[in-house]
$ cat upload-v1.csv   # CSV, C-alpha atoms and all ligand atoms
chain,number,residue,atom,x,y,z
A,14,MET,CA,29.9,12.1,15.5
A,15,GLY,CA,27.5,14.2,17.5
A,16,ILE,CA,28.5,17.3,19.3
A,17,PHE,CA,27.6,18.8,22.6
A,18,ASP,CA,26.1,22.2,22.9
A,19,VAL,CA,27.6,23.4,26.1
A,20,LYS,CA,25.8,25.9,28.2
A,21,LEU,CA,28.1,27.6,30.6
A,22,VAL,CA,28.1,30.0,33.5
A,23,PRO,CA,30.4,32.8,32.5
A,24,LEU,CA,30.6,36.0,34.6
A,25,LEU,CA,31.0,39.4,33.1
A,26,ILE,CA,34.3,41.1,33.8
A,27,ILE,CA,33.6,44.6,34.8
A,28,LEU,CA,36.3,47.1,35.5
A,29,PHE,CA,35.9,50.2,37.5
A,30,ASN,CA,38.0,53.3,37.5
A,31,SER,CA,37.2,54.6,40.9
A,32,VAL,CA,38.4,57.6,42.9
A,33,TRP,CA,40.5,56.2,45.8
A,34,SER,CA,39.6,58.8,48.4
A,35,THR,CA,39.3,56.8,51.6
A,36,SER,CA,42.2,55.0,53.2
A,37,SER,CA,42.9,51.6,51.8
A,38,ASN,CA,42.6,49.9,55.2
A,39,SER,CA,39.2,51.3,56.0
A,40,ILE,CA,38.0,50.3,52.5
A,41,SER,CA,39.2,46.8,53.1
A,42,GLU,CA,37.4,46.7,56.4
A,43,SER,CA,34.1,47.9,54.9
A,44,LEU,CA,34.5,45.5,52.0
A,45,LEU,CA,34.9,42.6,54.4
A,46,GLN,CA,31.9,43.8,56.4
A,47,CYS,CA,29.9,43.9,53.2
A,48,LEU,CA,30.9,40.4,52.1
A,49,SER,CA,30.2,39.0,55.6
A,50,THR,CA,26.8,40.6,55.6
A,51,HIS,CA,25.9,39.2,52.2
A,52,LEU,CA,27.3,35.8,53.1
A,53,LYS,CA,25.9,35.6,56.6
A,54,HIS,CA,23.6,32.7,55.7
A,55,SER,CA,26.5,30.7,54.3
A,56,ASN,CA,28.0,28.5,56.9
A,57,SER,CA,31.4,28.5,55.1
A,58,SER,CA,32.0,32.2,54.8
A,59,LYS,CA,35.6,31.7,56.3
A,60,GLU,CA,36.4,29.4,53.4
A,61,ILE,CA,34.9,31.8,50.9
A,62,ILE,CA,36.5,35.1,52.0
A,63,LEU,CA,40.3,34.8,52.2
A,64,THR,CA,42.2,37.8,53.6
A,65,ARG,CA,46.0,38.1,53.7
A,66,ASN,CA,45.7,36.7,57.3
A,67,SER,CA,44.0,33.5,56.1
A,68,SER,CA,46.2,30.4,56.0
A,69,ALA,CA,45.0,29.5,52.5
A,70,TYR,CA,45.5,33.0,51.0
A,71,SER,CA,49.1,32.5,49.8
A,72,SER,CA,48.8,29.0,48.6
A,73,ILE,CA,45.7,29.8,46.6
A,74,LEU,CA,47.2,32.9,45.1
A,75,GLN,CA,50.4,31.1,44.1
A,76,SER,CA,48.5,28.2,42.6
A,77,SER,CA,46.4,30.6,40.5
A,78,ILE,CA,49.3,32.3,38.9
A,79,GLN,CA,50.2,30.3,35.9
A,80,ASN,CA,52.8,32.8,34.5
A,81,LEU,CA,55.6,32.4,37.0
A,82,ARG,CA,56.9,35.9,36.1
A,83,PHE,CA,54.2,37.3,38.3
A,84,LEU,CA,55.3,35.2,41.3
A,85,ASN,CA,57.4,37.9,42.9
A,86,ASN,CA,57.0,40.5,45.7
A,87,SER,CA,56.5,43.4,43.3
A,88,THR,CA,53.3,41.9,41.8
A,89,PRO,CA,50.3,43.7,43.4
A,90,LYS,CA,48.3,41.3,45.6
A,91,PRO,CA,44.5,41.2,46.0
A,92,LYS,CA,42.9,42.6,49.2
A,93,VAL,CA,40.7,39.6,49.3
A,94,ILE,CA,40.3,36.3,47.4
A,95,VAL,CA,36.7,35.2,47.2
A,96,THR,CA,36.2,31.5,46.4
A,97,PRO,CA,32.5,31.1,45.7
A,98,PHE,CA,30.7,27.8,46.1
A,99,HIS,CA,27.5,29.1,44.7
A,100,GLU,CA,26.4,31.8,42.3
A,101,SER,CA,25.0,33.9,45.1
A,102,HIS,CA,28.5,34.2,46.5
A,103,VAL,CA,29.6,35.6,43.1
A,104,GLN,CA,26.7,38.1,43.3
A,105,ALA,CA,27.9,39.1,46.8
A,106,ALA,CA,31.5,39.7,45.6
A,107,VAL,CA,30.2,41.8,42.6
A,108,ILE,CA,27.9,43.9,44.7
A,109,CYS,CA,30.4,44.6,47.5
A,110,SER,CA,33.4,45.4,45.2
A,111,LYS,CA,31.2,47.8,43.2
A,112,LYS,CA,29.9,49.4,46.3
A,113,HIS,CA,33.4,50.0,47.6
A,114,GLY,CA,35.0,50.9,44.3
A,115,ILE,CA,37.4,48.0,44.2
A,116,GLN,CA,38.3,46.3,40.9
A,117,LYS,CA,37.8,42.6,40.5
A,118,ARG,CA,39.6,39.9,38.6
A,119,PHE,CA,37.7,36.7,37.7
A,120,GLN,CA,39.7,33.6,37.5
A,121,SER,CA,38.7,30.2,36.1
A,122,GLY,CA,41.8,28.2,35.0
A,123,GLY,CA,44.4,31.0,35.4
A,124,HIS,CA,45.9,30.5,31.9
A,125,ASP,CA,46.0,34.2,31.0
A,126,TYR,CA,49.7,34.7,30.8
A,127,GLU,CA,49.3,38.5,30.9
A,128,GLY,CA,47.9,38.2,34.4
A,129,LEU,CA,44.4,39.6,33.6
A,130,SER,CA,42.8,37.1,35.9
A,131,TYR,CA,45.1,37.8,38.9
A,132,VAL,CA,46.9,41.2,38.6
A,133,SER,CA,45.6,44.7,38.8
A,134,TYR,CA,47.5,48.0,39.5
A,135,ALA,CA,44.5,49.4,41.3
A,136,PRO,CA,43.2,47.9,44.6
A,137,PHE,CA,41.4,44.7,43.7
A,138,ILE,CA,39.9,41.4,44.7
A,139,ILE,CA,40.2,38.0,42.9
A,140,ILE,CA,37.0,36.0,42.4
A,141,GLU,CA,38.6,32.5,42.1
A,142,LEU,CA,36.1,30.1,40.6
A,143,PHE,CA,37.7,26.7,41.2
A,144,ASN,CA,34.9,25.6,43.5
A,145,LEU,CA,32.4,26.2,40.8
A,146,GLN,CA,33.2,23.2,38.7
A,147,THR,CA,30.1,21.1,38.4
A,148,ILE,CA,29.4,19.5,35.0
A,149,HIS,CA,26.0,18.0,34.1
A,150,ILE,CA,25.9,16.1,30.9
A,151,ASP,CA,22.6,15.4,29.1
A,152,VAL,CA,23.5,12.9,26.4
A,153,LYS,CA,19.9,12.6,25.3
A,154,ASN,CA,19.7,16.3,24.5
A,155,GLU,CA,23.3,16.5,23.4
A,156,SER,CA,24.0,19.3,25.8
A,157,ALA,CA,25.7,20.1,29.1
A,158,TRP,CA,25.8,22.7,31.8
A,159,VAL,CA,29.3,23.4,32.8
A,160,GLU,CA,30.4,25.8,35.6
A,161,SER,CA,33.1,28.3,34.8
A,162,GLY,CA,35.7,26.8,37.1
A,163,ALA,CA,35.7,23.4,35.5
A,164,THR,CA,38.7,22.6,33.4
A,165,LEU,CA,38.5,21.4,29.8
A,166,GLY,CA,40.1,18.1,30.8
A,167,GLU,CA,37.3,17.5,33.3
A,168,LEU,CA,34.7,18.3,30.7
A,169,TYR,CA,36.3,16.0,28.1
A,170,TYR,CA,36.7,13.2,30.6
A,171,LEU,CA,33.0,13.3,31.7
A,172,ILE,CA,31.8,13.4,28.1
A,173,ALA,CA,33.9,10.4,27.3
A,174,GLN,CA,32.5,8.5,30.4
A,175,LYS,CA,28.9,9.1,29.2
A,176,SER,CA,29.3,8.7,25.4
A,177,ASN,CA,31.8,7.4,22.9
A,178,VAL,CA,30.3,9.3,20.0
A,179,HIS,CA,30.2,12.9,21.5
A,180,GLU,CA,32.9,15.5,21.9
A,181,PHE,CA,33.1,19.3,22.5
A,182,PRO,CA,35.0,21.5,20.2
A,183,ALA,CA,37.5,23.4,22.4
A,184,GLY,CA,41.2,23.7,23.0
A,185,SER,CA,43.8,21.0,23.6
A,186,CYS,CA,45.3,22.0,27.0
A,187,PRO,CA,43.3,20.1,29.7
A,188,THR,CA,44.0,22.5,32.5
A,189,MET,CA,42.5,25.5,30.8
A,190,GLY,CA,39.4,26.9,32.6
A,191,VAL,CA,36.1,26.6,30.8
A,192,GLY,CA,35.1,30.2,31.8
A,193,GLY,CA,38.2,32.0,30.4
A,194,HIS,CA,38.6,29.7,27.4
A,195,ILE,CA,35.0,30.0,26.1
A,196,SER,CA,35.0,33.8,26.9
A,197,GLY,CA,37.9,34.1,24.4
A,198,GLY,CA,36.4,31.9,21.7
A,199,GLY,CA,38.2,28.7,22.2
A,200,PHE,CA,39.6,26.8,19.2
A,201,GLY,CA,40.7,23.2,19.0
A,202,THR,CA,41.4,20.3,16.6
A,203,ILE,CA,37.8,19.9,15.4
A,204,PHE,CA,36.9,23.5,15.1
A,205,ARG,CA,37.0,23.5,11.3
A,206,LYS,CA,34.0,21.1,11.4
A,207,TYR,CA,32.2,22.3,14.5
A,208,GLY,CA,33.3,25.9,15.0
A,209,LEU,CA,34.7,27.5,18.1
A,210,ALA,CA,33.7,26.5,21.6
A,211,VAL,CA,31.7,29.8,22.0
A,212,ASP,CA,29.7,29.0,18.8
A,213,ASN,CA,28.3,26.0,20.7
A,214,VAL,CA,27.0,27.9,23.8
A,215,ILE,CA,23.3,27.7,23.9
A,216,ASP,CA,22.5,29.2,27.3
A,217,ALA,CA,24.3,30.9,30.2
A,218,ARG,CA,23.8,32.2,33.6
A,219,ILE,CA,25.7,35.5,34.1
A,220,VAL,CA,26.2,37.8,37.0
A,221,ASP,CA,25.9,41.4,35.7
A,222,VAL,CA,27.4,44.6,37.1
A,223,ASN,CA,24.6,45.0,39.6
A,224,GLY,CA,24.8,41.5,40.8
A,225,ARG,CA,21.7,40.2,39.0
A,226,ILE,CA,21.7,36.8,37.3
A,227,LEU,CA,20.9,37.0,33.6
A,228,SER,CA,20.0,34.0,31.5
A,229,ARG,CA,18.7,33.2,28.1
A,230,LYS,CA,15.2,33.0,29.5
A,231,SER,CA,15.4,36.4,31.2
A,232,LYS,CA,17.4,38.3,28.6
A,233,GLY,CA,16.6,36.4,25.4
A,234,GLU,CA,18.7,36.1,22.3
A,235,GLU,CA,20.6,39.3,22.8
A,236,LEU,CA,22.5,37.7,25.7
A,237,LEU,CA,23.7,34.8,23.5
A,238,TRP,CA,24.5,37.2,20.7
A,239,ALA,CA,26.8,39.1,23.1
A,240,ILE,CA,28.4,36.0,24.5
A,241,ARG,CA,29.2,34.7,21.0
A,242,GLY,CA,31.0,38.0,20.3
A,243,GLY,CA,28.2,40.0,18.7
A,301,LIG,C1,49.2,26.3,27.9
A,301,LIG,C2,48.1,27.0,27.1
A,301,LIG,C3,47.5,26.3,26.1
A,301,LIG,C4,46.4,27.0,25.4
A,301,LIG,N1,45.8,26.3,24.4
A,301,LIG,C5,44.8,26.9,23.7
A,301,LIG,C6,44.1,26.2,22.7
A,301,LIG,O1,44.4,25.0,22.4
A,301,LIG,N2,43.0,26.8,22.1
A,301,LIG,C7,42.7,28.1,22.5
A,301,LIG,O2,41.7,28.6,21.9
A,301,LIG,N3,43.3,28.8,23.4
A,301,LIG,C8,44.4,28.2,24.1
A,301,LIG,N4,45.0,28.9,25.1
A,301,LIG,C9,44.5,30.2,25.4
A,301,LIG,C10,43.4,30.1,26.5
A,301,LIG,O3,42.2,29.6,25.9
A,301,LIG,C11,43.2,31.5,27.1
A,301,LIG,O4,44.3,31.9,27.8
A,301,LIG,C12,42.0,31.4,28.1
A,301,LIG,O5,41.5,32.7,28.4
A,301,LIG,C13,42.3,30.7,29.4
A,301,LIG,O6,41.2,30.6,30.2
A,301,LIG,P1,41.4,30.3,31.7
A,301,LIG,O7,40.1,30.2,32.4
A,301,LIG,O8,42.3,29.1,31.9
A,301,LIG,O9,42.2,31.5,32.2
A,301,LIG,P2,42.0,32.7,33.3
A,301,LIG,O10,43.3,33.3,33.4
A,301,LIG,O11,41.3,32.2,34.5
A,301,LIG,O12,41.0,33.6,32.5
A,301,LIG,C14,41.4,34.3,31.2
A,301,LIG,C15,40.5,35.5,31.0
A,301,LIG,O13,39.2,35.2,31.1
A,301,LIG,C16,38.5,35.9,32.2
A,301,LIG,N5,37.6,35.0,32.8
A,301,LIG,C17,37.9,33.8,33.4
A,301,LIG,N6,36.8,33.2,33.8
A,301,LIG,C18,35.8,34.1,33.5
A,301,LIG,C19,34.4,34.0,33.7
A,301,LIG,N7,33.8,33.0,34.3
A,301,LIG,N8,33.6,35.0,33.2
A,301,LIG,C20,34.2,36.1,32.6
A,301,LIG,N9,35.5,36.2,32.4
A,301,LIG,C21,36.3,35.2,32.8
A,301,LIG,C22,39.7,36.3,33.1
A,301,LIG,O14,39.4,37.4,34.0
A,301,LIG,C23,40.8,36.6,32.2
A,301,LIG,O15,40.7,37.9,31.6
A,301,LIG,C24,46.0,28.3,25.8
A,301,LIG,C25,46.7,28.9,26.8
A,301,LIG,C26,47.7,28.3,27.5
A,301,LIG,C27,48.4,29.0,28.6
$ encode --input "upload-v1.csv" --output "structure tokens" --more "lines below"
Ligand SMILES: Cc1cc2nc3c(=O)[nH]c(=O)nc-3n(C[C@H](O)[C@H](O)[C@H](O)COP(=O)(O)OP(=O)(O)OC[C@H]3O[C@@H](n4cnc5c(N)ncnc54)[C@H](O)[C@@H]3O)c2cc1C
Amino acid sequence: MGIFDVKLVPLLIILFNSVWSTSSNSISESLLQCLSTHLKHSNSSKEIILTRNSSAYSSILQSSIQNLRFLNNSTPKPKVIVTPFHESHVQAAVICSKKHGIQKRFQSGGHDYEGLSYVSYAPFIIIELFNLQTIHIDVKNESAWVESGATLGELYYLIAQKSNVHEFPAGSCPTMGVGGHISGGGFGTIFRKYGLAVDNVIDARIVDVNGRILSRKSKGEELLWAIRGG
């Protein structure tokens, strides 16, 4: 049996402890302005930036919370939910939240039961990656590019459609997100032979704290060393 080396698109989680000196509302306004400016060439910015007034805000927030204990009124809510369709939208969210001192929570499959991908006790935004779910499988080279918001089930399904002798060593729950699962290692039923999911990452495109895209080509082996846990 062959094995896929999956290259994925994880995003660094960067937490900021910022001094909250301006009023919360004015920061929300300036954050929104910053996002709108950065996304002005995108014709779907209303779909990407969801405020509490957006009709999709509540349903997306609720569907992203997998631990139902957090589904109550006392759980802090994000100022904005950003739903990127392209890596440039992630860059915009990172740049604007940094500029305005707002924390961010990245979410792929939402399976973090401690709420790390959707709860913060400081003002925050959620960068919800479900629209970034493209999977390109290259059977000839035994590799695949997988976007963070794809689920393991989608990855397994597409591999099986293309090949009956390949697999990817990762967890058993099909609704887990590739981004969060691989970021945490990711073990499954064939890991004793093929290692963890993260051991099989051979390249990545990462948005860093300054909104730059890093890749193996631009950053070399150190990037992969860090992704694999050092
Ligand atoms: C029902 C269930 C079954 C599970 N089974 C297994 C299993 O078989 N094997 C196993 O190893 N683990 C298993 N887990 C654990 C699972 O792998 C982790 O909870 C994993 O972090 C979930 O990833 P997610 O993307 O779905 O979750 P999320 O909640 O979206 O993300 C989890 C964490 O990763 C961060 N993150 C998400 N996307 C990115 C990204 N693109 N870049 C950087 N950080 C990101 C989030 O901010 C959060 O801190 C299971 C969990 C559950 C709830």
$ closest_residue --input "upload-v1.csv" --among "A:Tyr207, A:Tyr134, A:Tyr169, A:Phe119" --to "ligand LIG 301 (chain A)" --atoms "only C-alpha atoms and all ligand atoms"
A:Phe119
$ residues_near_ligand --input "upload-v1.csv" --ligand "ligand LIG 301 (chain A)" --cutoff "6 Å" --atoms "only C-alpha atoms and all ligand atoms" --output "PyMOL selection string"
chain A and resi 23-26+118-125+129-130+161+184-186+189-194+197+199-201
$ atom_distance --input "upload-v1.csv" --atom1 "atom CA of Glu160 of chain A" --atom2 "atom CA of Ser71 of chain A"
24.4 Å
$ closest_residue --input "upload-v1.csv" --among "A:Ser58, A:Glu234, A:Ile195, A:Val222" --to "Lys117 of chain A" --atoms "only C-alpha atoms"
A:Val222
$ residues_around --input "upload-v1.csv" --residues "Gln104 of chain A" --least-positions-apart "3" --cutoff "8 Å" --atoms "all atoms listed in the file" --output "list in words"
Glu100, Ser101, Val107, Ile108, Val220, Gly224, Arg225 and Ile226 of chain A
$ build_atoms --input "upload-v1.csv" --residues "segment 218-242 of chain A" --atoms "N, CA, C and O atoms" --output "mmCIF file, in the coordinates of the input"
data_model
loop_
_atom_site.group_PDB
_atom_site.id
_atom_site.type_symbol
_atom_site.label_atom_id
_atom_site.label_comp_id
_atom_site.auth_asym_id
_atom_site.auth_seq_id
_atom_site.Cartn_x
_atom_site.Cartn_y
_atom_site.Cartn_z
ATOM 1 N N ARG A 218 24.276 31.460 32.450
ATOM 2 C CA ARG A 218 23.800 32.200 33.600
ATOM 3 C C ARG A 218 24.976 33.189 33.946
ATOM 4 O O ARG A 218 26.102 32.758 34.185
ATOM 5 N N ILE A 219 24.660 34.477 33.918
ATOM 6 C CA ILE A 219 25.700 35.500 34.100
ATOM 7 C C ILE A 219 25.352 36.432 35.214
ATOM 8 O O ILE A 219 24.197 36.815 35.381
ATOM 9 N N VAL A 220 26.365 36.788 35.988
ATOM 10 C CA VAL A 220 26.200 37.800 37.000
ATOM 11 C C VAL A 220 26.545 39.152 36.393
ATOM 12 O O VAL A 220 27.669 39.321 35.921
ATOM 13 N N ASP A 221 25.598 40.085 36.373
ATOM 14 C CA ASP A 221 25.900 41.400 35.700
ATOM 15 C C ASP A 221 26.498 42.349 36.759
ATOM 16 O O ASP A 221 26.712 42.004 37.929
ATOM 17 N N VAL A 222 26.764 43.570 36.301
ATOM 18 C CA VAL A 222 27.400 44.600 37.100
ATOM 19 C C VAL A 222 26.691 44.891 38.408
ATOM 20 O O VAL A 222 27.280 45.266 39.420
ATOM 21 N N ASN A 223 25.378 44.723 38.370
ATOM 22 C CA ASN A 223 24.600 45.000 39.600
ATOM 23 C C ASN A 223 24.317 43.775 40.405
ATOM 24 O O ASN A 223 23.509 43.812 41.328
ATOM 25 N N GLY A 224 24.976 42.673 40.047
ATOM 26 C CA GLY A 224 24.800 41.500 40.800
ATOM 27 C C GLY A 224 23.573 40.660 40.481
ATOM 28 O O GLY A 224 23.209 39.740 41.201
ATOM 29 N N ARG A 225 22.930 41.009 39.362
ATOM 30 C CA ARG A 225 21.700 40.200 39.000
ATOM 31 C C ARG A 225 22.178 39.045 38.115
ATOM 32 O O ARG A 225 23.169 39.115 37.397
ATOM 33 N N ILE A 226 21.383 37.962 38.184
ATOM 34 C CA ILE A 226 21.700 36.800 37.300
ATOM 35 C C ILE A 226 20.875 36.975 36.031
ATOM 36 O O ILE A 226 19.657 37.167 36.054
ATOM 37 N N LEU A 227 21.590 36.930 34.928
ATOM 38 C CA LEU A 227 20.900 37.000 33.600
ATOM 39 C C LEU A 227 21.029 35.610 32.971
ATOM 40 O O LEU A 227 22.017 34.903 33.148
ATOM 41 N N SER A 228 19.998 35.267 32.225
ATOM 42 C CA SER A 228 20.000 34.000 31.500
ATOM 43 C C SER A 228 19.342 34.184 30.164
ATOM 44 O O SER A 228 18.766 35.243 29.898
ATOM 45 N N ARG A 229 19.373 33.140 29.360
ATOM 46 C CA ARG A 229 18.700 33.200 28.100
ATOM 47 C C ARG A 229 17.211 33.488 28.248
ATOM 48 O O ARG A 229 16.597 34.259 27.527
ATOM 49 N N LYS A 230 16.647 32.831 29.274
ATOM 50 C CA LYS A 230 15.200 33.000 29.500
ATOM 51 C C LYS A 230 14.901 34.445 29.901
ATOM 52 O O LYS A 230 13.932 35.041 29.432
ATOM 53 N N SER A 231 15.747 35.032 30.760
ATOM 54 C CA SER A 231 15.400 36.400 31.200
ATOM 55 C C SER A 231 15.841 37.462 30.225
ATOM 56 O O SER A 231 15.224 38.510 30.156
ATOM 57 N N LYS A 232 16.887 37.213 29.442
ATOM 58 C CA LYS A 232 17.400 38.300 28.600
ATOM 59 C C LYS A 232 17.210 37.964 27.068
ATOM 60 O O LYS A 232 17.471 38.805 26.220
ATOM 61 N N GLY A 233 16.820 36.725 26.765
ATOM 62 C CA GLY A 233 16.600 36.400 25.400
ATOM 63 C C GLY A 233 17.806 36.269 24.521
ATOM 64 O O GLY A 233 18.919 36.125 25.030
ATOM 65 N N GLU A 234 17.608 36.358 23.214
ATOM 66 C CA GLU A 234 18.700 36.100 22.300
ATOM 67 C C GLU A 234 19.831 37.058 22.312
ATOM 68 O O GLU A 234 20.949 36.754 21.930
ATOM 69 N N GLU A 235 19.543 38.288 22.784
ATOM 70 C CA GLU A 235 20.600 39.300 22.800
ATOM 71 C C GLU A 235 21.774 38.856 23.699
ATOM 72 O O GLU A 235 22.927 39.170 23.438
ATOM 73 N N LEU A 236 21.440 38.141 24.770
ATOM 74 C CA LEU A 236 22.500 37.700 25.700
ATOM 75 C C LEU A 236 23.428 36.722 24.949
ATOM 76 O O LEU A 236 24.652 36.850 25.008
ATOM 77 N N LEU A 237 22.836 35.783 24.227
ATOM 78 C CA LEU A 237 23.700 34.800 23.500
ATOM 79 C C LEU A 237 24.455 35.511 22.394
ATOM 80 O O LEU A 237 25.615 35.194 22.138
ATOM 81 N N TRP A 238 23.824 36.476 21.752
ATOM 82 C CA TRP A 238 24.500 37.200 20.700
ATOM 83 C C TRP A 238 25.758 37.887 21.268
ATOM 84 O O TRP A 238 26.836 37.838 20.667
ATOM 85 N N ALA A 239 25.630 38.459 22.465
ATOM 86 C CA ALA A 239 26.800 39.100 23.100
ATOM 87 C C ALA A 239 27.844 38.117 23.499
ATOM 88 O O ALA A 239 29.042 38.328 23.279
ATOM 89 N N ILE A 240 27.423 37.000 24.076
ATOM 90 C CA ILE A 240 28.400 36.000 24.500
ATOM 91 C C ILE A 240 29.199 35.461 23.347
ATOM 92 O O ILE A 240 30.394 35.224 23.437
ATOM 93 N N ARG A 241 28.514 35.308 22.212
ATOM 94 C CA ARG A 241 29.200 34.700 21.000
ATOM 95 C C ARG A 241 30.058 35.770 20.318
ATOM 96 O O ARG A 241 30.622 35.480 19.268
ATOM 97 N N GLY A 242 30.141 36.965 20.860
ATOM 98 C CA GLY A 242 31.000 38.000 20.300
ATOM 99 C C GLY A 242 30.337 38.989 19.431
ATOM 100 O O GLY A 242 30.975 39.821 18.786
#
